[in-house]
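Participant: Sending over a structure as structure tokens; questions will come in a sec.
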Amino acid sequence: MSKISFNELEKKLKSIRIEAFVIYKGNTRIYEYLKNKKVVEKPSKVYSITKSIVSILIGIMVDKGLIKNIHEPIQNYFPEILESNDPQKKEITIFHLLTMTSGLKVGNFQGSKNWVKFILGQPIIHKPGSIFQYNSGDSHLLSAIIQKISGISTASFAEKNLFFPLGINKYTWQRDPQGIHGGGFSISLNLEDMVKIGLLFLNEGRFNSNQVISSNWLIQAIRPYKQTTTTKEGIYGYGYQLWTYENTKTNSSIDYYYANGIFGQYIFIVPRLNIMVVVKSQLRNDQQSAPRLIFEELLGSWQDERVI
């Protein structure tokens with residue numbers, strides 16, 4: 001590697017509070033930095049990576065025919081919307097929740113006694129589908145829909161259809177006051193279980209030769225339905241509870257997508273290079289983007305060398 005060697009990478013990782021940084025080429029781990037062994041075994045919060053896991057669960061429901069159409073209105077699952085004085089709330093669909101375009105005002109629902117009621121009670125401030133607005137409330141409604149459709153808790157549905165096939169059994173998942181598992185930020189996973197989620201993405205929905213989720217869903221999930229930020233180098237966007245990045249600067253651009261949680265939790269996927277990177281961190285607010293910047297520097301060196 002020319003611009004940043006693995007030795008230089010380790011120096012950068014040690015200089016900030018990154019606990020783990022692992023790189024896979026296909027199913028082979030080609031680099032590993034671990035601050036200590038505890039990070040490997042002990043589950044810790046992955047925060048908004050929860051959103052991406054919920055997206056996978058929605059995809060599994062679509063694969064199984066439990067959800068016939070993601071463009072159906074969510075009033076089918078929340079009849080209280082029918083009592084709303086705002087007709088635009090009746091336009092909100094599962095697709096809008098997946099893409100953070102519900103148009104509902106972002107509110108601090110965690111402090112309420114009924115999260116779903118609070119979220120649905122927020123006013124519409126944008127026409128559904130028109131504006132991207134990062135909103136954990138949208139994600140929590142997806143978890144509530146999973147529970148309503150399956151008749152079991154979101155975690156139980158995940159255990160049967162996702163966690164068991166991946167061998168994930170050390171997780172914890174917090175619930176809201178009504179017992180609905182938090183859809184936005186409530187899962188704790190250890191490093192190796194984050195890796196399993198990453199490998200599922202990298203292998204287009206397969207894990208140990210088992211097609212856990214269809215590649216068709218993942219193709220849809222990683223499309224940038226809304227642009228979020230434009231830089232000199234490229235365009236960040238948002239798919240189905242996943243972030244996307246399109247490099248627009250170079251002739252041989254390398255695009256990627258990723259799951260991201262606060263304080264520096266990341267799962268990066270680079271399909272063209274067959275590369276996956278998982279990061280666990282405990283970073284301050286002003287350092288949270290550091291793992292992504294380090295990853296992008298690595299990506300630049302890989303592109304230049306054409307060896308990985």
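Quick note on naming: the chains in the structure tokens go A, B, ... in the order shown, residues restart at 1 in each chain, and ligands are numbered from 1 in order of appearance.
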What lies within 12 Å of Phe164 in chain A using only C-alpha atoms, ignoring chain neighbours under 5 positions off, as a PyMOL selection string?
Facilitator: chain A and resi 155-159+169-171+193+196+207+210+212
Participant: Can you spit out the residues from that selection as a compact mmCIF listing (two decimals), in the first residue's frame, using C-alpha atoms?
Facilitator:
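Writing the result to out_4.txt gives the following:
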# COMPACT_ATOMS: atom_id res chain seq x y z
CA ALA A 155 -36.06 -9.64 18.23
CA SER A 156 -37.82 -13.02 18.04
CA PHE A 157 -38.36 -12.56 14.31
CA ALA A 158 -34.69 -11.59 13.97
CA GLU A 159 -33.53 -14.60 15.98
CA ASN A 169 -26.50 -15.21 20.06
CA LYS A 170 -24.81 -12.71 22.37
CA TYR A 171 -26.80 -9.65 21.42
CA ASP A 193 -21.30 -10.38 15.14
CA LYS A 196 -21.21 -11.42 10.28
CA PHE A 207 -23.87 -16.54 4.68
CA ASN A 210 -27.30 -19.98 2.92
CA VAL A 212 -30.47 -15.39 4.25
Participant: Could you name the residues that touch Lys42 in chain A at 10 Å or less, counting only C-alpha atoms, but leaving out those on the same chain fewer than 2 positions away, as a PyMOL selection string?
Facilitator: chain A and resi 37-40+44+170-171+188-192
Participant: May I have the residues from that selection written out with N, CA and C atoms, as a PDB file, in the first residue's frame?
Facilitator:
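Generated file (again07.pdb):
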ATOM      1  N   LYS A  37      -9.030  -7.709  24.014  1.00  0.00           N
ATOM      2  CA  LYS A  37      -9.862  -8.870  23.693  1.00  0.00           C
ATOM      3  C   LYS A  37     -11.318  -8.661  24.076  1.00  0.00           C
ATOM      4  N   LYS A  38     -11.547  -7.757  25.026  1.00  0.00           N
ATOM      5  CA  LYS A  38     -12.916  -7.529  25.498  1.00  0.00           C
ATOM      6  C   LYS A  38     -13.827  -7.073  24.365  1.00  0.00           C
ATOM      7  N   VAL A  39     -13.295  -6.295  23.446  1.00  0.00           N
ATOM      8  CA  VAL A  39     -14.101  -5.768  22.351  1.00  0.00           C
ATOM      9  C   VAL A  39     -14.571  -6.888  21.421  1.00  0.00           C
ATOM     10  N   VAL A  40     -13.831  -7.999  21.400  1.00  0.00           N
ATOM     11  CA  VAL A  40     -14.206  -9.122  20.537  1.00  0.00           C
ATOM     12  C   VAL A  40     -15.424  -9.836  21.081  1.00  0.00           C
ATOM     13  N   SER A  44     -21.541  -4.466  22.796  1.00  0.00           N
ATOM     14  CA  SER A  44     -21.710  -3.058  23.145  1.00  0.00           C
ATOM     15  C   SER A  44     -22.617  -2.422  22.102  1.00  0.00           C
ATOM     16  N   LYS A 170     -25.233 -13.459  21.185  1.00  0.00           N
ATOM     17  CA  LYS A 170     -24.807 -12.714  22.373  1.00  0.00           C
ATOM     18  C   LYS A 170     -25.327 -11.276  22.368  1.00  0.00           C
ATOM     19  N   TYR A 171     -26.305 -11.019  21.549  1.00  0.00           N
ATOM     20  CA  TYR A 171     -26.802  -9.650  21.418  1.00  0.00           C
ATOM     21  C   TYR A 171     -27.709  -9.273  22.598  1.00  0.00           C
ATOM     22  N   SER A 188     -27.110  -4.096  20.898  1.00  0.00           N
ATOM     23  CA  SER A 188     -25.703  -4.251  21.273  1.00  0.00           C
ATOM     24  C   SER A 188     -25.167  -5.536  20.644  1.00  0.00           C
ATOM     25  N   LEU A 189     -24.015  -5.438  19.985  1.00  0.00           N
ATOM     26  CA  LEU A 189     -23.373  -6.583  19.343  1.00  0.00           C
ATOM     27  C   LEU A 189     -21.891  -6.568  19.664  1.00  0.00           C
ATOM     28  N   ASN A 190     -21.259  -7.747  19.638  1.00  0.00           N
ATOM     29  CA  ASN A 190     -19.799  -7.755  19.735  1.00  0.00           C
ATOM     30  C   ASN A 190     -19.206  -7.624  18.338  1.00  0.00           C
ATOM     31  N   LEU A 191     -17.898  -7.512  18.284  1.00  0.00           N
ATOM     32  CA  LEU A 191     -17.216  -7.281  17.011  1.00  0.00           C
ATOM     33  C   LEU A 191     -17.500  -8.373  15.996  1.00  0.00           C
ATOM     34  N   GLU A 192     -17.387  -9.637  16.428  1.00  0.00           N
ATOM     35  CA  GLU A 192     -17.528 -10.738  15.468  1.00  0.00           C
ATOM     36  C   GLU A 192     -18.938 -10.803  14.891  1.00  0.00           C
TER      37      GLU A 192
END
Participant: Apply DSSP to the structure's backbone, then extract all residues of range 42-278 of chain A labelled alpha helix (DSSP H) and return them as a PyMOL selection string.
Facilitator: chain A and resi 49-63+94-98+115-120+136-150+154-158+164-166+191-202+215-221
Participant: Taking 5 positions as the minimum chain separation for residues in the same chain, which residues sit within 9 Å of Val46 in chain A when counting only C-alpha atoms? Answer as a list in words.
Facilitator: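 The filter keeps Phe185, Ser186, Ile187, Ser188, Leu189, Asn190, Met194, Asn260, Gly261, Ile262, Phe263, Gly264, Gln265, Tyr266 and Lys280 of chain A.
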Participant: With N, CA and C atoms retained, write the just-selected residues as a CSV table (one decimal), in the first residue's frame.
Facilitator:
chain,number,residue,atom,x,y,z
A,185,PHE,N,-31.8,2.5,17.5
A,185,PHE,CA,-30.4,2.6,18.1
A,185,PHE,C,-30.2,1.7,19.3
A,186,SER,N,-30.9,0.6,19.3
A,186,SER,CA,-31.1,-0.2,20.6
A,186,SER,C,-30.3,-1.5,20.7
A,187,ILE,N,-29.6,-1.9,19.6
A,187,ILE,CA,-29.0,-3.2,19.6
A,187,ILE,C,-27.5,-3.1,20.1
A,188,SER,N,-27.1,-4.1,20.9
A,188,SER,CA,-25.7,-4.3,21.3
A,188,SER,C,-25.2,-5.5,20.6
A,189,LEU,N,-24.0,-5.4,20.0
A,189,LEU,CA,-23.4,-6.6,19.3
A,189,LEU,C,-21.9,-6.6,19.7
A,190,ASN,N,-21.3,-7.7,19.6
A,190,ASN,CA,-19.8,-7.8,19.7
A,190,ASN,C,-19.2,-7.6,18.3
A,194,MET,N,-20.8,-8.1,14.4
A,194,MET,CA,-20.8,-7.0,13.4
A,194,MET,C,-20.2,-7.5,12.1
A,260,ASN,N,-23.9,2.9,9.9
A,260,ASN,CA,-23.2,3.8,10.8
A,260,ASN,C,-23.9,4.1,12.1
A,261,GLY,N,-23.2,4.0,13.2
A,261,GLY,CA,-23.8,4.3,14.5
A,261,GLY,C,-22.9,5.4,15.2
A,262,ILE,N,-23.6,6.2,16.0
A,262,ILE,CA,-22.9,7.3,16.7
A,262,ILE,C,-21.7,6.8,17.5
A,263,PHE,N,-20.7,7.7,17.7
A,263,PHE,CA,-19.5,7.4,18.4
A,263,PHE,C,-18.5,6.5,17.6
A,264,GLY,N,-18.8,6.4,16.3
A,264,GLY,CA,-17.8,5.7,15.5
A,264,GLY,C,-18.0,4.3,15.2
A,265,GLN,N,-19.2,3.8,15.1
A,265,GLN,CA,-19.5,2.4,14.7
A,265,GLN,C,-19.7,2.4,13.2
A,266,TYR,N,-19.0,1.5,12.5
A,266,TYR,CA,-19.2,1.5,11.0
A,266,TYR,C,-19.1,0.0,10.5
A,280,LYS,N,-15.3,-0.6,15.5
A,280,LYS,CA,-16.0,-0.2,16.8
A,280,LYS,C,-15.2,0.8,17.5
Participant: Report the distance between CA of Leu162 in chain A and CA of Gln220 in chain A in Å, rounded to one decimal place.
Facilitator: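 Distance between the two atoms: 18.6 Å.
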Participant: In range 45-260 of chain A, what's strand (DSSP E) per DSSP? Answer as a PDB file with N, CA and C atoms, in the first residue's frame?
Facilitator:
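What ended up in states-v6.pdb:
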ATOM      1  N   LYS A  45     -23.174  -1.281  22.441  1.00  0.00           N
ATOM      2  CA  LYS A  45     -24.161  -0.653  21.570  1.00  0.00           C
ATOM      3  C   LYS A  45     -23.564  -0.316  20.210  1.00  0.00           C
ATOM      4  N   THR A 172     -27.928  -7.983  22.769  1.00  0.00           N
ATOM      5  CA  THR A 172     -29.017  -7.470  23.600  1.00  0.00           C
ATOM      6  C   THR A 172     -29.754  -6.430  22.768  1.00  0.00           C
ATOM      7  N   TRP A 173     -31.049  -6.249  23.064  1.00  0.00           N
ATOM      8  CA  TRP A 173     -31.871  -5.332  22.266  1.00  0.00           C
ATOM      9  C   TRP A 173     -32.899  -4.707  23.181  1.00  0.00           C
ATOM     10  N   ILE A 187     -29.641  -1.913  19.615  1.00  0.00           N
ATOM     11  CA  ILE A 187     -28.978  -3.220  19.631  1.00  0.00           C
ATOM     12  C   ILE A 187     -27.544  -3.099  20.130  1.00  0.00           C
ATOM     13  N   SER A 188     -27.110  -4.096  20.898  1.00  0.00           N
ATOM     14  CA  SER A 188     -25.703  -4.251  21.273  1.00  0.00           C
ATOM     15  C   SER A 188     -25.167  -5.536  20.644  1.00  0.00           C
ATOM     16  N   LEU A 189     -24.015  -5.438  19.985  1.00  0.00           N
ATOM     17  CA  LEU A 189     -23.373  -6.583  19.343  1.00  0.00           C
ATOM     18  C   LEU A 189     -21.891  -6.568  19.664  1.00  0.00           C
ATOM     19  N   ARG A 206     -25.845 -13.804   1.202  1.00  0.00           N
ATOM     20  CA  ARG A 206     -25.504 -15.190   1.544  1.00  0.00           C
ATOM     21  C   ARG A 206     -24.618 -15.222   2.779  1.00  0.00           C
ATOM     22  N   PHE A 207     -24.766 -16.296   3.550  1.00  0.00           N
ATOM     23  CA  PHE A 207     -23.867 -16.539   4.680  1.00  0.00           C
ATOM     24  C   PHE A 207     -23.687 -18.044   4.806  1.00  0.00           C
ATOM     25  N   ASN A 210     -25.860 -20.109   2.661  1.00  0.00           N
ATOM     26  CA  ASN A 210     -27.296 -19.977   2.919  1.00  0.00           C
ATOM     27  C   ASN A 210     -27.748 -18.580   2.501  1.00  0.00           C
ATOM     28  N   GLN A 211     -28.711 -18.501   1.595  1.00  0.00           N
ATOM     29  CA  GLN A 211     -29.240 -17.202   1.159  1.00  0.00           C
ATOM     30  C   GLN A 211     -30.204 -16.701   2.226  1.00  0.00           C
ATOM     31  N   LYS A 226     -32.083   9.381  -1.941  1.00  0.00           N
ATOM     32  CA  LYS A 226     -31.951  10.814  -1.707  1.00  0.00           C
ATOM     33  C   LYS A 226     -30.477  11.166  -1.507  1.00  0.00           C
ATOM     34  N   GLN A 227     -30.036  12.260  -2.120  1.00  0.00           N
ATOM     35  CA  GLN A 227     -28.699  12.770  -1.846  1.00  0.00           C
ATOM     36  C   GLN A 227     -28.737  13.511  -0.514  1.00  0.00           C
ATOM     37  N   THR A 228     -27.686  13.307   0.295  1.00  0.00           N
ATOM     38  CA  THR A 228     -27.642  13.975   1.594  1.00  0.00           C
ATOM     39  C   THR A 228     -26.564  15.046   1.660  1.00  0.00           C
ATOM     40  N   THR A 229     -25.390  14.767   1.079  1.00  0.00           N
ATOM     41  CA  THR A 229     -24.278  15.716   1.084  1.00  0.00           C
ATOM     42  C   THR A 229     -23.497  15.576  -0.209  1.00  0.00           C
ATOM     43  N   THR A 230     -23.074  16.704  -0.778  1.00  0.00           N
ATOM     44  CA  THR A 230     -22.220  16.693  -1.965  1.00  0.00           C
ATOM     45  C   THR A 230     -20.896  17.351  -1.627  1.00  0.00           C
ATOM     46  N   GLY A 234     -17.300  13.507  -4.103  1.00  0.00           N
ATOM     47  CA  GLY A 234     -18.406  12.605  -4.379  1.00  0.00           C
ATOM     48  C   GLY A 234     -19.706  13.010  -3.715  1.00  0.00           C
ATOM     49  N   ILE A 235     -20.661  12.097  -3.771  1.00  0.00           N
ATOM     50  CA  ILE A 235     -22.017  12.360  -3.294  1.00  0.00           C
ATOM     51  C   ILE A 235     -22.419  11.299  -2.268  1.00  0.00           C
ATOM     52  N   TYR A 236     -22.807  11.749  -1.091  1.00  0.00           N
ATOM     53  CA  TYR A 236     -23.362  10.853  -0.079  1.00  0.00           C
ATOM     54  C   TYR A 236     -24.875  10.815  -0.253  1.00  0.00           C
ATOM     55  N   GLY A 237     -25.426   9.613  -0.054  1.00  0.00           N
ATOM     56  CA  GLY A 237     -26.865   9.459  -0.187  1.00  0.00           C
ATOM     57  C   GLY A 237     -27.403   8.495   0.840  1.00  0.00           C
ATOM     58  N   TYR A 238     -28.688   8.167   0.708  1.00  0.00           N
ATOM     59  CA  TYR A 238     -29.329   7.278   1.673  1.00  0.00           C
ATOM     60  C   TYR A 238     -30.238   6.312   0.938  1.00  0.00           C
ATOM     61  N   TRP A 243     -26.344   4.179   4.399  1.00  0.00           N
ATOM     62  CA  TRP A 243     -25.715   5.319   3.744  1.00  0.00           C
ATOM     63  C   TRP A 243     -24.995   4.859   2.483  1.00  0.00           C
ATOM     64  N   THR A 244     -24.946   5.725   1.485  1.00  0.00           N
ATOM     65  CA  THR A 244     -24.260   5.398   0.237  1.00  0.00           C
ATOM     66  C   THR A 244     -23.256   6.489  -0.103  1.00  0.00           C
ATOM     67  N   TYR A 245     -22.246   6.118  -0.906  1.00  0.00           N
ATOM     68  CA  TYR A 245     -21.268   7.100  -1.367  1.00  0.00           C
ATOM     69  C   TYR A 245     -20.892   6.811  -2.810  1.00  0.00           C
ATOM     70  N   GLU A 246     -20.996   7.827  -3.647  1.00  0.00           N
ATOM     71  CA  GLU A 246     -20.609   7.717  -5.054  1.00  0.00           C
ATOM     72  C   GLU A 246     -19.440   8.654  -5.310  1.00  0.00           C
ATOM     73  N   ASN A 247     -18.315   8.090  -5.717  1.00  0.00           N
ATOM     74  CA  ASN A 247     -17.127   8.889  -6.027  1.00  0.00           C
ATOM     75  C   ASN A 247     -17.296   9.475  -7.424  1.00  0.00           C
ATOM     76  N   TYR A 256     -19.082   2.970  -2.448  1.00  0.00           N
ATOM     77  CA  TYR A 256     -19.294   2.073  -1.313  1.00  0.00           C
ATOM     78  C   TYR A 256     -20.591   2.440  -0.611  1.00  0.00           C
ATOM     79  N   TYR A 257     -21.010   1.570   0.301  1.00  0.00           N
ATOM     80  CA  TYR A 257     -22.140   1.891   1.158  1.00  0.00           C
ATOM     81  C   TYR A 257     -21.803   1.451   2.575  1.00  0.00           C
ATOM     82  N   TYR A 258     -22.568   1.946   3.545  1.00  0.00           N
ATOM     83  CA  TYR A 258     -22.197   1.639   4.925  1.00  0.00           C
ATOM     84  C   TYR A 258     -23.344   1.824   5.903  1.00  0.00           C
ATOM     85  N   ALA A 259     -23.234   1.063   6.990  1.00  0.00           N
ATOM     86  CA  ALA A 259     -24.066   1.244   8.174  1.00  0.00           C
ATOM     87  C   ALA A 259     -23.243   2.048   9.171  1.00  0.00           C
ATOM     88  N   ASN A 260     -23.892   2.925   9.912  1.00  0.00           N
ATOM     89  CA  ASN A 260     -23.153   3.849  10.777  1.00  0.00           C
ATOM     90  C   ASN A 260     -23.912   4.096  12.073  1.00  0.00           C
TER      91      ASN A 260
END
Participant: Compare A:Lys160, A:Lys117, A:Arg292, A:Lys148 by their minimum atom-to-atom distance to Ile267 in chain A, counting only C-alpha atoms, and give me the closest one.
Facilitator: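 Among the listed residues, A:Arg292 lies closest to Ile267 in chain A.
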Participant: So which one's closest to Asp176 in chain A, A:Gly300, A:Gly137, A:Pro79, A:Pro128? Using only C-alpha atoms, please.
Facilitator: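 The answer is A:Gly137, which sits nearest to Asp176 in chain A.
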Participant: Choose the residue, out of A:His96, A:Leu9, A:Ile81, A:Leu141, that has the smallest atom-to-atom separation from Tyr31 in chain A; count only C-alpha atoms.
Facilitator: A:Leu9
Participant: By how many Å are CA of Glu296 in chain A and CA of Pro43 in chain A apart?
Facilitator: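 Computing it gives 26.6 Å between the two atoms.
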Participant: May I ask which of the residues A:Ser5, A:Ser48, A:Val277, A:Ile294 is the closest one to Tyr24 in chain A, counting only C-alpha atoms?
Facilitator: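 Selected residue with least distance to Tyr24 in chain A: A:Val277.
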Participant: List the neighbours of Ala20 in chain A out to 8 Å using only C-alpha atoms; skip same-chain residues closer than 3 positions along the sequence, and give me the result as an MDAnalysis selection string.
Facilitator: chainID A and resid 32:35 39 191 278:281
Participant: Would you mind exporting the chosen residues as a PDB file, in the first residue's frame, restricted to all heavy atoms?
Facilitator:
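Result file is part.pdb:
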ATOM      1  N   GLU A  32      -6.262  -6.689  11.035  1.00  0.00           N
ATOM      2  CA  GLU A  32      -6.996  -6.659  12.308  1.00  0.00           C
ATOM      3  C   GLU A  32      -6.272  -5.772  13.296  1.00  0.00           C
ATOM      4  O   GLU A  32      -5.083  -5.943  13.547  1.00  0.00           O
ATOM      5  CB  GLU A  32      -7.095  -8.078  12.863  1.00  0.00           C
ATOM      6  CG  GLU A  32      -7.658  -8.180  14.265  1.00  0.00           C
ATOM      7  CD  GLU A  32      -7.650  -9.613  14.784  1.00  0.00           C
ATOM      8  OE1 GLU A  32      -8.569 -10.351  14.436  1.00  0.00           O
ATOM      9  OE2 GLU A  32      -6.693  -9.980  15.517  1.00  0.00           O
ATOM     10  N   TYR A  33      -6.996  -4.796  13.831  1.00  0.00           N
ATOM     11  CA  TYR A  33      -6.506  -4.014  14.965  1.00  0.00           C
ATOM     12  C   TYR A  33      -7.516  -4.169  16.093  1.00  0.00           C
ATOM     13  O   TYR A  33      -8.702  -3.874  15.918  1.00  0.00           O
ATOM     14  CB  TYR A  33      -6.358  -2.537  14.620  1.00  0.00           C
ATOM     15  CG  TYR A  33      -6.146  -1.668  15.851  1.00  0.00           C
ATOM     16  CD1 TYR A  33      -4.896  -1.611  16.468  1.00  0.00           C
ATOM     17  CD2 TYR A  33      -7.207  -0.957  16.418  1.00  0.00           C
ATOM     18  CE1 TYR A  33      -4.712  -0.851  17.615  1.00  0.00           C
ATOM     19  CE2 TYR A  33      -7.023  -0.197  17.566  1.00  0.00           C
ATOM     20  CZ  TYR A  33      -5.776  -0.147  18.160  1.00  0.00           C
ATOM     21  OH  TYR A  33      -5.591   0.598  19.297  1.00  0.00           O
ATOM     22  N   LEU A  34      -7.060  -4.650  17.231  1.00  0.00           N
ATOM     23  CA  LEU A  34      -7.918  -4.815  18.398  1.00  0.00           C
ATOM     24  C   LEU A  34      -7.262  -4.124  19.587  1.00  0.00           C
ATOM     25  O   LEU A  34      -6.121  -4.435  19.941  1.00  0.00           O
ATOM     26  CB  LEU A  34      -8.124  -6.302  18.728  1.00  0.00           C
ATOM     27  CG  LEU A  34      -8.727  -7.179  17.627  1.00  0.00           C
ATOM     28  CD1 LEU A  34      -8.734  -8.640  18.060  1.00  0.00           C
ATOM     29  CD2 LEU A  34     -10.129  -6.723  17.283  1.00  0.00           C
ATOM     30  N   LYS A  35      -7.967  -3.212  20.193  1.00  0.00           N
ATOM     31  CA  LYS A  35      -7.428  -2.533  21.367  1.00  0.00           C
ATOM     32  C   LYS A  35      -7.257  -3.506  22.518  1.00  0.00           C
ATOM     33  O   LYS A  35      -6.286  -3.455  23.271  1.00  0.00           O
ATOM     34  CB  LYS A  35      -8.352  -1.383  21.776  1.00  0.00           C
ATOM     35  CG  LYS A  35      -7.816  -0.547  22.917  1.00  0.00           C
ATOM     36  CD  LYS A  35      -8.758   0.607  23.224  1.00  0.00           C
ATOM     37  CE  LYS A  35      -8.219   1.446  24.379  1.00  0.00           C
ATOM     38  NZ  LYS A  35      -9.147   2.558  24.724  1.00  0.00           N
ATOM     39  N   VAL A  39     -13.295  -6.295  23.446  1.00  0.00           N
ATOM     40  CA  VAL A  39     -14.101  -5.768  22.351  1.00  0.00           C
ATOM     41  C   VAL A  39     -14.571  -6.888  21.421  1.00  0.00           C
ATOM     42  O   VAL A  39     -15.587  -6.764  20.741  1.00  0.00           O
ATOM     43  CB  VAL A  39     -13.317  -4.696  21.559  1.00  0.00           C
ATOM     44  CG1 VAL A  39     -12.173  -5.311  20.783  1.00  0.00           C
ATOM     45  CG2 VAL A  39     -14.239  -3.953  20.604  1.00  0.00           C
ATOM     46  N   LEU A 191     -17.898  -7.512  18.284  1.00  0.00           N
ATOM     47  CA  LEU A 191     -17.216  -7.281  17.011  1.00  0.00           C
ATOM     48  C   LEU A 191     -17.500  -8.373  15.996  1.00  0.00           C
ATOM     49  O   LEU A 191     -17.813  -8.096  14.830  1.00  0.00           O
ATOM     50  CB  LEU A 191     -15.707  -7.169  17.252  1.00  0.00           C
ATOM     51  CG  LEU A 191     -14.847  -7.049  15.990  1.00  0.00           C
ATOM     52  CD1 LEU A 191     -15.093  -5.735  15.288  1.00  0.00           C
ATOM     53  CD2 LEU A 191     -13.368  -7.225  16.327  1.00  0.00           C
ATOM     54  N   VAL A 278     -15.045  -3.322   9.277  1.00  0.00           N
ATOM     55  CA  VAL A 278     -15.877  -3.114  10.468  1.00  0.00           C
ATOM     56  C   VAL A 278     -15.074  -2.319  11.496  1.00  0.00           C
ATOM     57  O   VAL A 278     -13.900  -2.619  11.739  1.00  0.00           O
ATOM     58  CB  VAL A 278     -16.326  -4.455  11.086  1.00  0.00           C
ATOM     59  CG1 VAL A 278     -16.986  -4.239  12.440  1.00  0.00           C
ATOM     60  CG2 VAL A 278     -17.300  -5.167  10.147  1.00  0.00           C
ATOM     61  N   VAL A 279     -15.714  -1.319  12.077  1.00  0.00           N
ATOM     62  CA  VAL A 279     -15.061  -0.465  13.070  1.00  0.00           C
ATOM     63  C   VAL A 279     -15.946  -0.359  14.309  1.00  0.00           C
ATOM     64  O   VAL A 279     -17.149  -0.112  14.196  1.00  0.00           O
ATOM     65  CB  VAL A 279     -14.809   0.958  12.523  1.00  0.00           C
ATOM     66  CG1 VAL A 279     -13.946   1.755  13.499  1.00  0.00           C
ATOM     67  CG2 VAL A 279     -14.170   0.923  11.140  1.00  0.00           C
ATOM     68  N   LYS A 280     -15.340  -0.551  15.483  1.00  0.00           N
ATOM     69  CA  LYS A 280     -16.005  -0.249  16.755  1.00  0.00           C
ATOM     70  C   LYS A 280     -15.187   0.821  17.463  1.00  0.00           C
ATOM     71  O   LYS A 280     -13.959   0.739  17.501  1.00  0.00           O
ATOM     72  CB  LYS A 280     -16.104  -1.491  17.643  1.00  0.00           C
ATOM     73  CG  LYS A 280     -17.224  -2.441  17.237  1.00  0.00           C
ATOM     74  CD  LYS A 280     -17.362  -3.606  18.205  1.00  0.00           C
ATOM     75  CE  LYS A 280     -18.102  -3.240  19.461  1.00  0.00           C
ATOM     76  NZ  LYS A 280     -19.548  -3.016  19.227  1.00  0.00           N
ATOM     77  N   SER A 281     -15.868   1.818  17.998  1.00  0.00           N
ATOM     78  CA  SER A 281     -15.173   2.954  18.593  1.00  0.00           C
ATOM     79  C   SER A 281     -15.937   3.495  19.790  1.00  0.00           C
ATOM     80  O   SER A 281     -17.111   3.176  20.000  1.00  0.00           O
ATOM     81  CB  SER A 281     -15.015   4.086  17.561  1.00  0.00           C
ATOM     82  OG  SER A 281     -14.599   3.626  16.312  1.00  0.00           O
TER      83      SER A 281
END
Participant: Using only C-alpha atoms, find the one residue out of A:Leu66, A:Leu202, A:Leu273, A:Met61 that sits nearest to Gln303 in chain A.
Facilitator: A:Leu273
Participant: Which of these, A:Lys12, A:Lys249, A:Arg272, A:Arg284, has the shortest distance to Glu233 in chain A once you count only C-alpha atoms?
Facilitator: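 Closest residue, counting only C-alpha atoms: A:Lys249.
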Participant: Using only C-alpha atoms, determine which residues lie at most 10 Å from range 84-86 of chain A, disregarding the query and same-chain residues fewer than 6 positions distant; provide the list as a short mmCIF file (atom, residue, chain, number, x, y, z; two decimals) with all heavy atoms, in the first residue's frame.
Facilitator:
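Contents of selection-v9.cif, as written:
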data_model
loop_
_atom_site.label_atom_id
_atom_site.label_comp_id
_atom_site.auth_asym_id
_atom_site.auth_seq_id
_atom_site.Cartn_x
_atom_site.Cartn_y
_atom_site.Cartn_z
N LEU A 120 -46.11 9.05 15.80
CA LEU A 120 -47.23 9.26 14.88
C LEU A 120 -47.97 10.56 15.16
O LEU A 120 -48.65 11.10 14.28
CB LEU A 120 -48.21 8.08 14.97
CG LEU A 120 -47.69 6.74 14.46
CD1 LEU A 120 -48.70 5.64 14.73
CD2 LEU A 120 -47.38 6.81 12.96
N GLY A 121 -47.83 11.07 16.38
CA GLY A 121 -48.50 12.31 16.74
C GLY A 121 -47.78 13.56 16.30
O GLY A 121 -48.33 14.67 16.40
N PRO A 123 -46.36 16.43 13.83
CA PRO A 123 -46.94 17.02 12.61
C PRO A 123 -46.11 16.69 11.37
O PRO A 123 -44.92 16.42 11.46
CB PRO A 123 -46.90 18.52 12.90
CG PRO A 123 -45.78 18.69 13.89
CD PRO A 123 -45.80 17.45 14.74
N ILE A 124 -46.76 16.69 10.23
CA ILE A 124 -46.07 16.55 8.95
C ILE A 124 -45.47 17.91 8.58
O ILE A 124 -46.19 18.91 8.53
CB ILE A 124 -47.05 16.10 7.84
CG1 ILE A 124 -47.47 14.65 8.06
CG2 ILE A 124 -46.42 16.28 6.47
CD1 ILE A 124 -46.50 13.62 7.56
#
